[in-house]
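Undergrad: Quick one: the structure is below, and I'll ask about it shortly.
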Amino acid sequence: MAKLNVSRRRDNLEKMLVYVLGVAPDEFGLLPDKLGFVPFKELLAAVRQEDGFRGVTEGNILEIMNSSHADPILEAVDSRVRVRPGLAGPCPEKPAGPRPKILFLGLKPTAWPSASEHGLRPKPGEERIRLFPTREAAMKVAQRFCPDPVIVTVQLAKAEGSGSLVETYSENLYSADFLGPEALMGPPVAPRPEPREAKAPEKTGLPGQPLGLFIEPRPIHGKKKGKYEDSPGWKTGTRRDRRREKG
């Protein structure tokens, strides 16, 4: 019975991977490259977000990828994976009519201040920036790696006006090669504090002397070695009186 359950879970996962990678990657916020590959970590995060697959591990997918079957359903190059081309469906049809005037994306809160000032480029390992037609879609994808992302609004006209190439993958997914800061709208960013100038060290005088007054130190001589030379005056007088009484 246990083996049957394991086999059934594996079959369900295989079907899920074929659908995600080969039929409707855009429904899961995934953007395949020209050869159909997506980053492995993006695939794993997308699958884990779906009911019934939250416990899927990297090892589960690698086991399917390294299957001894004559035709494994997955192929990998470096850290990218795709479904075998023979199992992939046709590319989604592009929607007719004008594109939305605004699109959305999610960023980590720490990334937004820099993006608002310098714009955005694709993340390492990705060729393009993914954009979504709704806030909800952008939030769902961003929450795979950040529990509380910042949702940024992208103004399409301003993006293209600054030279950005925005492409339509499907009605669920768009992409851009870069986004200038003028096209991005998000929460206010606190201004950076100006660097403080180093204060000159305060001048201090010797104790009891006004600032700026220099007193040349007196030379310190060693003690004289003569008898009683280093004794206080009252001791010297007492000794002298004793000598007189004895004499």
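Going by the structure tokens order, chains are called A, B, ..., each with residues numbered from 1, while ligands are numbered from 1 in the order shown.
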Find the nearest atom pair between each residue of region 102-168 of chain A and region 66-89 of chain A for residues within 12 Å, count only C-alpha atoms, give distances in Å to one decimal, sort rows by chain and ascending number, and present the table as a tab-separated table.

TA:
```
residue	atom	partner	partner_atom	distance
A:Pro124	CA	A:Ser79	CA	11.7
A:Gly125	CA	A:Ser79	CA	8.7
A:Glu126	CA	A:Arg80	CA	10.1
```

Undergrad: Store the residues picked out above in a file with C-alpha atoms, as a CSV table (one decimal), in the first residue's frame.

TA:
```
chain,number,residue,atom,x,y,z
A,124,PRO,CA,21.0,36.8,-12.4
A,125,GLY,CA,20.1,33.7,-14.3
A,126,GLU,CA,17.1,35.3,-16.0
```

Undergrad: Using DSSP on the backbone coordinates, identify the residues of region 10-75 of chain A assigned to strand (DSSP E); present them as a list in words.

TA: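 Selecting the strand (DSSP E) positions of region 10-75 of chain A gives Val38, Pro39, Leu74 and Glu75 of chain A.
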
Undergrad: Within 9 Å of region 17-34 of chain A, counting only C-alpha atoms, which residues show up once you throw out same-chain ones fewer than 2 positions away? Write them as a PyMOL selection string, please.

TA: chain A and resi 12-15+36-39+42-43+46-47+61+73-74+81-85+87-92+126-128+130-132+137-138+140-141+169-175

Undergrad: May I ask for the distance between CA of Glu136 (chain A) and CA of Asn60 (chain A), given in Å to one decimal place?

TA: 28.8 Å

Undergrad: For CA of Phe178 (chain A) and CA of Lys94 (chain A), quote the distance in Å rounded to one decimal.

TA: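 Here the two named atoms are 21.1 Å from each other.
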
Undergrad: Using Å and a single decimal, report how far CA of Phe104 (chain A) sits from CA of Thr57 (chain A).

TA: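 Atom-to-atom, CA of Thr57 (chain A) and CA of Phe104 (chain A) are spaced 29.2 Å apart.
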
Undergrad: Where does region 120-146 of chain A meet region 108-115 of chain A within 12 Å, residue by residue, with the nearest atom pair and distance in Å to one decimal for each, counting only C-alpha atoms, listed by chain and rising number, as JSON lines?

TA:
```
{"residue": "A:Leu120", "atom": "CA", "partner": "A:Ala115", "partner_atom": "CA", "distance": 5.5}
{"residue": "A:Arg121", "atom": "CA", "partner": "A:Ala115", "partner_atom": "CA", "distance": 9.0}
{"residue": "A:Pro122", "atom": "CA", "partner": "A:Ala115", "partner_atom": "CA", "distance": 11.6}
{"residue": "A:Lys123", "atom": "CA", "partner": "A:Ala111", "partner_atom": "CA", "distance": 11.4}
{"residue": "A:Met139", "atom": "CA", "partner": "A:Lys108", "partner_atom": "CA", "distance": 11.0}
{"residue": "A:Val141", "atom": "CA", "partner": "A:Lys108", "partner_atom": "CA", "distance": 11.7}
{"residue": "A:Ala142", "atom": "CA", "partner": "A:Lys108", "partner_atom": "CA", "distance": 8.0}
{"residue": "A:Gln143", "atom": "CA", "partner": "A:Lys108", "partner_atom": "CA", "distance": 9.2}
{"residue": "A:Arg144", "atom": "CA", "partner": "A:Lys108", "partner_atom": "CA", "distance": 11.0}
{"residue": "A:Phe145", "atom": "CA", "partner": "A:Lys108", "partner_atom": "CA", "distance": 8.5}
{"residue": "A:Cys146", "atom": "CA", "partner": "A:Lys108", "partner_atom": "CA", "distance": 6.3}
```

Undergrad: Let's have the selection written as a PDB file, in the first residue's frame, with N, CA and C atoms.

TA:
```pdb
ATOM      1  N   LEU A 120      15.581  48.895 -13.120  1.00  0.00           N
ATOM      2  CA  LEU A 120      15.713  47.452 -12.922  1.00  0.00           C
ATOM      3  C   LEU A 120      16.330  46.778 -14.135  1.00  0.00           C
ATOM      4  N   ARG A 121      17.112  45.738 -13.849  1.00  0.00           N
ATOM      5  CA  ARG A 121      17.641  44.823 -14.868  1.00  0.00           C
ATOM      6  C   ARG A 121      17.221  43.409 -14.476  1.00  0.00           C
ATOM      7  N   PRO A 122      17.251  42.468 -15.401  1.00  0.00           N
ATOM      8  CA  PRO A 122      16.898  41.076 -15.040  1.00  0.00           C
ATOM      9  C   PRO A 122      17.780  40.535 -13.926  1.00  0.00           C
ATOM     10  N   LYS A 123      17.211  39.682 -13.097  1.00  0.00           N
ATOM     11  CA  LYS A 123      17.961  39.057 -12.021  1.00  0.00           C
ATOM     12  C   LYS A 123      18.997  38.092 -12.602  1.00  0.00           C
ATOM     13  N   MET A 139       1.959  39.561  -6.694  1.00  0.00           N
ATOM     14  CA  MET A 139       2.144  39.229  -5.280  1.00  0.00           C
ATOM     15  C   MET A 139       2.387  37.734  -5.099  1.00  0.00           C
ATOM     16  N   VAL A 141       3.686  35.503  -7.126  1.00  0.00           N
ATOM     17  CA  VAL A 141       5.021  35.095  -7.568  1.00  0.00           C
ATOM     18  C   VAL A 141       6.088  35.631  -6.618  1.00  0.00           C
ATOM     19  N   ALA A 142       5.960  36.887  -6.192  1.00  0.00           N
ATOM     20  CA  ALA A 142       6.981  37.492  -5.328  1.00  0.00           C
ATOM     21  C   ALA A 142       7.024  36.825  -3.958  1.00  0.00           C
ATOM     22  N   GLN A 143       5.884  36.356  -3.463  1.00  0.00           N
ATOM     23  CA  GLN A 143       5.848  35.740  -2.140  1.00  0.00           C
ATOM     24  C   GLN A 143       6.538  34.377  -2.091  1.00  0.00           C
ATOM     25  N   ARG A 144       6.945  33.847  -3.212  1.00  0.00           N
ATOM     26  CA  ARG A 144       7.686  32.588  -3.194  1.00  0.00           C
ATOM     27  C   ARG A 144       9.048  32.758  -2.537  1.00  0.00           C
ATOM     28  N   PHE A 145       9.587  33.967  -2.593  1.00  0.00           N
ATOM     29  CA  PHE A 145      10.923  34.206  -2.056  1.00  0.00           C
ATOM     30  C   PHE A 145      10.959  35.338  -1.032  1.00  0.00           C
ATOM     31  N   CYS A 146       9.828  36.032  -0.831  1.00  0.00           N
ATOM     32  CA  CYS A 146       9.779  37.127   0.129  1.00  0.00           C
ATOM     33  C   CYS A 146       8.383  37.182   0.738  1.00  0.00           C
TER      34      CYS A 146
END
```

Undergrad: Pull the alpha helix (DSSP H) assignments for region 8-238 of chain A out of DSSP run on the backbone, and list those residues as a PyMOL selection string.

TA: chain A and resi 8-18+40-48+58-65+112-118+135-142+156-161+233-238

Undergrad: Pick out the residues sitting within 9 Å of Gly186 (chain A), and hand them over as a list in words; count only C-alpha atoms, and ignore anything fewer than 3 positions along from it in its own chain.

TA: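 Here the answer would be Trp112, Ser116, Val150, Ile151, Val152, Thr153 and Val189 of chain A.
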
Undergrad: Choose the residue, out of A:Leu107, A:Gly163, A:Val6, A:Pro133, that has the smallest atom-to-atom separation from Pro187 (chain A); count only C-alpha atoms.

TA: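 Smallest separation from Pro187 (chain A) among the options: A:Leu107.
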